[in-house]
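Source file: start-v7.cif; contents: mmCIF, C-alpha atoms.
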```cif
data_run
loop_
_atom_site.label_atom_id
_atom_site.label_comp_id
_atom_site.auth_asym_id
_atom_site.auth_seq_id
_atom_site.Cartn_x
_atom_site.Cartn_y
_atom_site.Cartn_z
CA MET A 1 90.06 -41.51 69.97
CA SER A 2 86.78 -42.94 68.78
CA MET A 3 85.91 -45.95 66.72
CA GLY A 4 82.52 -46.17 65.13
CA GLY A 5 81.32 -43.41 67.47
CA LEU A 6 82.38 -45.37 70.58
CA ARG A 7 84.89 -43.80 72.90
CA ILE A 8 87.48 -46.48 73.62
CA LEU A 9 90.50 -44.75 75.10
CA ASN A 10 91.22 -42.26 77.84
CA SER A 11 88.36 -40.31 79.33
CA GLY A 12 88.85 -36.93 80.97
CA ASN A 13 92.12 -36.19 82.72
CA THR A 14 92.23 -39.34 84.79
CA GLY A 15 94.55 -41.15 82.38
CA ARG A 16 92.49 -44.26 83.05
CA LYS A 17 91.31 -46.30 80.10
CA LYS A 18 87.62 -46.94 79.72
CA TYR A 19 86.74 -50.50 78.78
CA ARG A 20 83.47 -51.45 77.13
CA ILE A 21 83.08 -54.85 78.75
CA GLY A 22 80.45 -56.08 76.31
CA MET A 23 82.58 -55.09 73.34
CA ALA A 24 85.63 -56.68 74.92
CA LEU A 25 83.70 -59.92 75.37
CA THR A 26 82.52 -59.80 71.75
CA SER A 27 86.05 -59.14 70.50
CA ALA A 28 87.72 -61.81 72.62
CA SER A 29 85.08 -64.37 71.67
CA ALA A 30 85.62 -63.62 67.97
CA PHE A 31 89.41 -63.96 68.31
CA GLN A 32 88.88 -67.26 70.11
CA ASP A 33 86.58 -68.48 67.32
CA LEU A 34 89.19 -67.56 64.72
CA ALA A 35 91.84 -69.47 66.67
CA ASN A 36 89.54 -72.48 66.84
CA ASN A 37 89.41 -72.69 63.03
CA PHE A 38 92.92 -74.15 63.31
CA ILE A 39 92.43 -75.91 66.64
CA GLU A 40 89.47 -78.04 65.56
CA PRO A 41 91.40 -79.99 62.89
CA ALA A 42 94.52 -79.96 65.10
CA ARG A 43 92.68 -81.90 67.82
CA ILE A 44 92.72 -85.11 65.78
CA VAL A 45 96.39 -84.99 64.77
CA GLU A 46 98.51 -87.88 66.01
CA PRO A 47 101.84 -86.97 67.70
CA GLU A 48 103.93 -88.53 64.93
CA GLN A 49 102.20 -86.26 62.41
CA ALA A 50 102.52 -83.07 64.46
CA LYS A 51 105.64 -81.61 62.80
CA GLN A 52 104.29 -82.14 59.31
CA PHE A 53 100.87 -80.78 60.22
CA ALA A 54 102.46 -77.66 61.71
CA MET A 55 104.59 -77.03 58.62
CA ASN A 56 101.70 -77.69 56.24
CA ASN A 57 99.50 -75.22 58.15
CA LEU A 58 102.12 -72.76 59.33
CA GLY A 59 100.19 -69.58 58.55
CA HIS A 60 97.07 -70.87 60.27
CA LEU A 61 99.16 -72.03 63.25
CA ILE A 62 100.67 -68.55 63.63
CA ALA A 63 97.30 -66.84 63.26
CA SER A 64 95.65 -69.21 65.74
CA ALA A 65 98.36 -68.73 68.37
CA THR A 66 98.20 -64.96 67.96
CA ASN A 67 94.41 -64.84 68.13
CA MET A 68 94.11 -67.20 71.10
CA SER A 69 96.70 -65.22 73.06
CA LEU A 70 94.87 -62.00 72.27
CA ALA A 71 91.53 -63.52 73.26
CA ILE A 72 92.87 -64.54 76.67
CA GLU A 73 94.47 -61.12 77.15
CA ILE A 74 91.19 -59.34 76.42
CA TYR A 75 89.16 -61.71 78.63
CA LEU A 76 91.54 -61.06 81.53
CA LYS A 77 91.52 -57.29 80.99
CA ALA A 78 87.72 -57.29 80.76
CA ILE A 79 87.41 -59.25 84.01
CA LEU A 80 89.79 -56.85 85.74
CA SER A 81 87.95 -53.83 84.38
CA HIS A 82 84.62 -55.27 85.49
CA LEU A 83 86.11 -55.47 88.99
CA ASN A 84 87.11 -51.79 88.71
CA ILE A 85 90.78 -52.74 88.54
CA GLU A 86 92.65 -50.98 85.79
CA PRO A 87 94.46 -53.66 83.76
CA LYS A 88 98.21 -53.41 83.43
CA ASN A 89 99.40 -52.05 80.10
CA THR A 90 100.91 -55.35 79.03
CA HIS A 91 100.37 -58.37 76.79
CA ASN A 92 101.94 -60.61 79.46
CA LEU A 93 99.25 -63.18 80.29
CA LEU A 94 100.78 -64.23 83.60
CA LYS A 95 101.04 -60.63 84.84
CA LEU A 96 97.41 -60.03 83.94
CA PHE A 97 96.32 -63.22 85.68
CA ASP A 98 98.35 -62.27 88.76
CA SER A 99 96.53 -58.91 88.81
CA LEU A 100 93.27 -60.64 89.64
CA PRO A 101 92.13 -60.71 93.27
CA ASP A 102 93.25 -63.95 94.91
CA LYS A 103 89.67 -65.20 95.27
CA ILE A 104 88.96 -64.82 91.53
CA GLY A 105 92.34 -66.21 90.48
CA ASP A 106 91.89 -69.23 92.75
CA GLU A 107 88.38 -69.82 91.41
CA LEU A 108 89.55 -69.73 87.78
CA GLU A 109 92.53 -71.94 88.55
CA SER A 110 90.31 -74.43 90.35
CA LYS A 111 87.92 -74.63 87.39
CA TYR A 112 90.86 -75.24 85.08
CA ASN A 113 92.33 -77.91 87.36
CA ASP A 114 88.98 -79.72 87.52
CA LEU A 115 89.03 -80.32 83.75
CA PRO A 116 90.49 -83.51 82.25
CA LYS A 117 94.28 -83.22 82.37
CA SER A 118 95.29 -84.92 79.16
CA HIS A 119 94.72 -85.10 75.46
CA THR A 120 95.68 -88.75 75.33
CA GLY A 121 97.06 -90.02 72.06
CA LYS A 122 96.66 -86.71 70.28
CA VAL A 123 98.61 -83.50 69.92
CA GLY A 124 98.12 -80.98 72.72
CA CYS A 125 100.70 -78.40 71.66
CA PHE A 126 102.94 -77.44 68.75
CA HIS A 127 106.65 -76.67 68.85
CA LEU A 128 107.88 -74.54 65.98
CA LEU A 129 111.50 -75.61 66.43
CA PRO A 130 111.08 -79.10 67.82
CA LYS A 131 113.88 -81.41 68.84
CA SER A 132 113.80 -84.85 67.29
CA ASP A 133 112.34 -86.34 70.47
CA GLU A 134 109.97 -83.43 71.25
CA ASP A 135 106.80 -84.25 73.15
CA PHE A 136 103.59 -82.86 71.65
CA SER A 137 101.32 -83.83 74.53
CA ASP A 138 100.08 -81.31 77.09
CA LYS A 139 101.75 -82.46 80.30
CA LYS A 140 101.71 -79.17 82.18
CA PHE A 141 98.69 -79.27 84.44
CA GLY A 142 98.63 -75.97 86.34
CA ILE A 143 97.34 -72.90 84.55
CA ARG A 144 100.16 -70.83 86.03
CA ALA A 145 102.71 -73.08 84.29
CA ILE A 146 100.83 -72.70 81.00
CA LEU A 147 100.59 -68.92 81.36
CA GLU A 148 104.28 -68.75 82.29
CA SER A 149 105.34 -70.52 79.10
CA SER A 150 102.77 -68.58 77.05
CA LYS A 151 103.07 -65.21 78.77
CA ASP A 152 104.53 -63.42 75.72
CA ALA A 153 102.81 -65.54 73.08
CA PHE A 154 100.92 -62.66 71.47
CA VAL A 155 104.08 -60.67 70.76
CA THR A 156 106.16 -63.73 69.89
CA TRP A 157 103.74 -65.24 67.39
CA ARG A 158 102.61 -62.05 65.66
CA TYR A 159 106.25 -61.04 65.09
CA LEU A 160 107.49 -64.55 64.45
CA TYR A 161 109.09 -63.55 61.17
CA GLU A 162 111.47 -61.33 63.17
CA HIS A 163 112.26 -63.89 65.89
CA MET A 164 113.01 -66.61 63.39
CA GLU A 165 115.82 -64.52 61.93
CA ALA A 166 117.63 -64.30 65.25
CA LYS A 167 120.81 -66.35 65.61
CA ASP A 168 119.89 -67.76 69.02
CA ARG A 169 116.47 -69.05 68.09
CA ASN A 170 114.49 -70.60 70.89
CA ASP A 171 111.64 -73.05 70.57
CA VAL A 172 108.24 -71.40 70.26
CA ILE A 173 105.39 -73.36 71.80
CA TYR A 174 101.66 -73.07 71.20
CA GLU A 175 99.88 -75.01 73.95
CA PHE A 176 96.58 -74.75 72.16
CA HIS A 177 94.74 -77.47 74.06
CA SER A 178 95.33 -75.86 77.47
CA LEU A 179 94.94 -72.27 76.28
CA GLU A 180 91.65 -73.01 74.53
CA LYS A 181 90.27 -74.61 77.70
CA PHE A 182 91.35 -71.64 79.82
CA ALA A 183 89.94 -69.13 77.34
CA SER A 184 86.56 -70.87 77.56
CA ILE A 185 86.69 -70.70 81.37
CA LEU A 186 87.45 -66.98 81.24
CA LYS A 187 84.63 -66.38 78.79
CA GLU A 188 82.13 -68.26 80.96
CA HIS A 189 83.28 -66.35 84.06
CA LEU A 190 82.90 -63.01 82.33
CA LEU A 191 79.46 -63.91 80.96
CA ASN A 192 78.30 -64.90 84.45
CA GLN A 193 79.63 -61.65 85.92
CA LEU A 194 77.87 -59.59 83.29
CA LYS A 195 74.58 -61.41 83.92
CA LYS A 196 74.76 -60.40 87.58
CA THR A 197 74.99 -56.72 86.69
CA PHE A 198 71.80 -56.68 84.60
#
```

Would you write the structure of this file as structure tokens?
Amino acid sequence: MSMGGLRILNSGNTGRKKYRIGMALTSASAFQDLANNFIEPARIVEPEQAKQFAMNNLGHLIASATNMSLAIEIYLKAILSHLNIEPKNTHNLLKLFDSLPDKIGDELESKYNDLPKSHTGKVGCFHLLPKSDEDFSDKKFGIRAILESSKDAFVTWRYLYEHMEAKDRNDVIYEFHSLEKFASILKEHLLNQLKKTF
């Protein structure tokens, strides 16, 4: 299949996908920017206003969560592809992260852990089905914990209208503060890797 004259899927009989790293970076960066259109005003929301803000901006919340999850997925797949590792055919963010060589995964995790750990006094995440005493701060510090709770975010948020009809509805969390920070780390890493190849 081609798109705008660029071959983007399987090449030859290898069954291996070809990734255009530059295009992947451009796409992921654009998805991240779209997600940030919601995140920027969300940064200044006080915890007691979080539920109302989420309901008043529900469509933008859903779009932001979907786009941020997709951005992180593409960044991870691009990094893997740049390392000549074929990315797993999955949207699961934790599985993709775990596919990285230990050295790269440890480096990314270390960069994330070195960042400020809190979003004191402001909202750091949104719960779509919050309990009355729900905490809207970002208290999970390790990126693995964030990716574990957000591993299926792309599928969950883009098909939210289906999940919300289920009888046993579970809380859906968008940990935008942590995910945005990690996406920026992935982007920087990928940019640095690409600079080394030119």

Exercise. For the file shown, report as number ranges by chain the outcome of the PyMOL selection byres ((chain A and resi 97-103) around 10) at residue level.
Key: A: 72-73, 76-77, 79-80, 83, 85-88, 92-96, 104-109, 143-144, 147, 151

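With distances taken over all atoms listed in the file, A:Phe126 is the one residue among A:Tyr161, A:Tyr75, A:Tyr19, A:Phe126 lying closest to His177 in chain A.
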
Self-check item: Gap from CA of Gly124 in chain A to CA of Glu175 in chain A - Å, one decimal
Solution: 6.3 Å

Exercise. Go through A:Cys125, A:Asn36, A:Asp114, A:Ser81 one by one, measure the shortest atom-to-atom distance of each to Lys51 in chain A using only C-alpha atoms, and give the residue with the smallest value.
Key: A:Cys125

Centre and edge lengths of an axis-aligned box around all listed atoms of range 146-164 of chain A, with 5 Å added on each side, are to be given in Å to one decimal, as lines of an AutoDock Vina configuration file.
```
center_x = 106.8
center_y = -66.7
center_z = 71.7
size_x = 22.4
size_y = 22.0
size_z = 31.1
```
